[in-house]
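Novice: First, the structure itself, so that you have it in front of you.
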Amino acid sequence: MAPPRSPADRFRTKVDTSGPISLVRGVLGPCHQWTGSTNAGGYGTFWAGRTVKAHRFAYERVLGPIPDGLDVDHLCRNRACVRPSHLRAVTHRENILASANHVARRARVTACPAGHAYDEANTYRAPNGTRKCRACKRDRTRALRAEQRDAQLAPVEPIRPRTTTPERTAA
Ligand SMILES: [Zn+2]
Ligand SMILES: [Zn+2]
């Protein structure tokens with residue numbers, strides 16, 4: 001394989017653009033799942049001269065510098081997601097509140113999106129503590145194998161050049 005060229009090129013090779021579909025209302029499209037290293041909190045990490053959080057790198061590449069003092073929040077609640085449209089810069093307080101809301105909402109849900117019960121036999125916990133459906137996992141594993149074969153041939157989504165006006169989501 002040819003040597004990697006730039007941080008952005010190396011970054012792209014570690015992103016799976018056919019990640020999970022977010023269950024959060026209003027979050028469009030699949031997550032772009034980080035397949036590189038992650039830290040103890042479940043956030044992707046990336047070497048760009050120093051170790052940076054992958055989602056913060058993605059945000060700055062596409063949306064511009066993160067305003068001083070702001071956190072980058074995952075609208076999709078998936079910490080390993082680096083899809084710029086799933087990210088927004090918020091105050092630390094807003095970020096904490098969004099997480100707490102999400103946890104409360106998820107606790108009221110007793111079945112997976114496909115209707116399988118979250119009972120003891122069918123439920124396992126992701127590293128971040130969220131409940132996962134075993135029946136769906138079996139289905140996904142099969143689908144993923146097929147997708148991975150396709151993805152090897154699919155073009156990656158281009159990162160927009162910095163000369164265009166960055167789209168910012170309201171914090
Ligand atoms: Zn996402
Ligand atoms: Zn299920």
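Just so we're on the same page: first chain in the structure tokens is A, next is B, and so on; residues restart at 1 for each chain, and ligands are numbered from 1 in the order they show up.
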List all protein, DNA and RNA residues that have at least one atom no more than 12 Å from any atom of ligand 2, counting only C-alpha atoms and all ligand atoms, and write them as a PyMOL selection string.

Specialist: chain A and resi 110-119+121-124+131-140

Novice: Give me every strand (DSSP E or B) residue in range 18-144 of chain A, going by DSSP on the backbone, as a list in words.

Specialist: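 Matching residues for strand (DSSP E or B) in range 18-144 of chain A are Ile21, Pro30, Gln33, Trp34, Thr38, Gly44, Thr45, Phe46, Trp47, Thr51, Val52, Lys53, Asp71, Val72, Asp73, His74, Cys81, Leu87, Arg88, Ala89, Val90, Ala111, Ala117, Thr123, Tyr124, Arg125, Arg131, Lys132 and Cys133 of chain A.
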
Novice: Got time to write the residues from that selection, C-alpha atoms, as a PDB file, in the first residue's frame?

Specialist:
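Below is the file result.pdb, written as the result:
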```
ATOM      1  CA  ILE A  21     -28.728   4.674  12.060  1.00  0.00           C
ATOM      2  CA  PRO A  30     -26.153   6.628   9.364  1.00  0.00           C
ATOM      3  CA  GLN A  33     -18.376   5.118  12.788  1.00  0.00           C
ATOM      4  CA  TRP A  34     -14.775   5.583  13.878  1.00  0.00           C
ATOM      5  CA  THR A  38     -10.909   4.895  21.076  1.00  0.00           C
ATOM      6  CA  GLY A  44     -12.386   8.006  18.792  1.00  0.00           C
ATOM      7  CA  THR A  45      -8.799   9.207  19.010  1.00  0.00           C
ATOM      8  CA  PHE A  46      -6.591  10.202  16.115  1.00  0.00           C
ATOM      9  CA  TRP A  47      -2.941  11.183  15.664  1.00  0.00           C
ATOM     10  CA  THR A  51      -3.528  12.841  19.828  1.00  0.00           C
ATOM     11  CA  VAL A  52      -6.860  14.527  19.221  1.00  0.00           C
ATOM     12  CA  LYS A  53     -10.430  13.343  19.586  1.00  0.00           C
ATOM     13  CA  ASP A  71     -17.743  20.973  23.800  1.00  0.00           C
ATOM     14  CA  VAL A  72     -18.557  19.099  20.622  1.00  0.00           C
ATOM     15  CA  ASP A  73     -21.807  17.243  21.327  1.00  0.00           C
ATOM     16  CA  HIS A  74     -23.040  14.168  19.462  1.00  0.00           C
ATOM     17  CA  CYS A  81     -19.468   8.888  15.410  1.00  0.00           C
ATOM     18  CA  LEU A  87     -22.063  17.121  15.705  1.00  0.00           C
ATOM     19  CA  ARG A  88     -22.650  20.522  17.209  1.00  0.00           C
ATOM     20  CA  ALA A  89     -20.663  22.840  19.430  1.00  0.00           C
ATOM     21  CA  VAL A  90     -22.395  23.449  22.744  1.00  0.00           C
ATOM     22  CA  ALA A 111     -38.276  -2.979  23.222  1.00  0.00           C
ATOM     23  CA  ALA A 117     -38.220  -7.173  24.035  1.00  0.00           C
ATOM     24  CA  THR A 123     -30.344  -7.732  26.228  1.00  0.00           C
ATOM     25  CA  TYR A 124     -26.684  -6.951  26.533  1.00  0.00           C
ATOM     26  CA  ARG A 125     -24.885  -3.733  27.433  1.00  0.00           C
ATOM     27  CA  ARG A 131     -28.956  -1.656  26.103  1.00  0.00           C
ATOM     28  CA  LYS A 132     -28.532  -3.658  22.930  1.00  0.00           C
ATOM     29  CA  CYS A 133     -30.733  -6.286  21.323  1.00  0.00           C
TER      30      CYS A 133
END
```

Novice: From the options A:Arg142, A:His92, A:His86, A:Arg105, which residue's atoms come nearest to ligand 1, counting only C-alpha atoms and all ligand atoms?

Specialist: A:His86

Novice: If the limit is 12 Å from any atom of ligand 1, counting only C-alpha atoms and all ligand atoms, which residues qualify? Return them as an NGL selection string.

Specialist: :A and (15-34 or 43 or 55 or 58 or 73-88)

Novice: For the helix (DSSP H, G or I) assignment from backbone DSSP, which residues of range 2-102 of chain A qualify? Please present them as a PyMOL selection string.

Specialist: chain A and resi 7-12+54-63+84-86+92-102
